[in-house]
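S.K.: My questions will all concern the structure given below.
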Amino acid sequence: QFVESGGGLVQPGGSLMLSCTASGGSLRYYAIGWFRQAPGKEREAVSCISDSGGVTLYSDSVEGRFTTSRSNALNTVYLEMSDLKPEDTALYFCASPRGRNYARCYSTKVADFEDWGQGTQVTVSS
């Protein structure tokens, strides 16, 4: 299971960096997807990074503002968020792809990911 941290309250235009670590294990062999869920809305994909970090994907809504990276040495995947907007307010989760292709970002569907953490809350408000 993964553990997310780094959320908080930030003003519009501000920045935050989220972290995702593995509880009791290593995430170095896994692609990691970031997702978010706002109140009353479905969970949606935000970004994905392959096991080596060589491939990164972003949703249209965060492209150019969010950057995902990883340090396998530190067993951590990051989501750096800048120019935050009120619509970015949500509970943010990380997870790994199911099945044999766990090292690749082969899907953006929630159902294709597993080992969800409890999430970290990001609130963008003035």
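Residue names in the structure tokens use chain letters A, B, ... in the order shown, residue numbers from 1 in each chain, and ligand numbers from 1 in the order shown.
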Write out as a list in words the set of residues from chain A that DSSP, computed on the backbone, places in helix (DSSP H, G or I).
M.R.: Pro86, Glu87, Asp88, Val110, Ala111 and Asp112 of chain A
S.K.: Which one is closest to Ser19 in chain A: A:Ile49, A:Ala103, A:Ala38, A:Val77? Count only C-alpha atoms.
M.R.: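 Once distances to Ser19 in chain A are computed over only C-alpha atoms, the minimum belongs to A:Val77.
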S.K.: Extract, using only C-alpha atoms, all DNA, RNA and protein residues at most 12 Å from range 109-113 of chain A, discarding same-chain residues fewer than 2 positions from it, and format them as a PyMOL selection string.
M.R.: chain A and resi 1-2+30-37+42-48+59+93-107+115-117
S.K.: Using CA of Leu79 in chain A and CA of Gly40 in chain A as the two end points, give the distance in Å to one decimal.
M.R.: 23.2 Å
S.K.: Using only C-alpha atoms for the distances, tell me which of A:Ser71, A:Ser82, A:Thr56, A:Thr89 is nearest to Ser125 in chain A.
M.R.: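 So, comparing all the options, the nearest one is A:Thr89.
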S.K.: So that I can check the secondary structure, give me every residue of chain A assigned strand (DSSP E) by backbone DSSP, as a ChimeraX atom specification.
M.R.: /A:2-5,8-10,16-22,32-37,44-49,56-58,66-71,76-81,90-97,113-114,120-124
S.K.: Using only C-alpha atoms, which of A:Lys41, A:Tyr29, A:Gly13, A:Gly119 sits nearest Gly53 in chain A?
M.R.: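 Looking only at the distances to Gly53 in chain A, the closest residue turns out to be A:Tyr29.
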S.K.: Quick one: of A:Gln121, A:Ser26, A:Ser5, A:Ser50, who's nearest to Asp88 in chain A, counting only C-alpha atoms?
M.R.: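 For Asp88 in chain A, the nearest of the given residues is A:Gln121.
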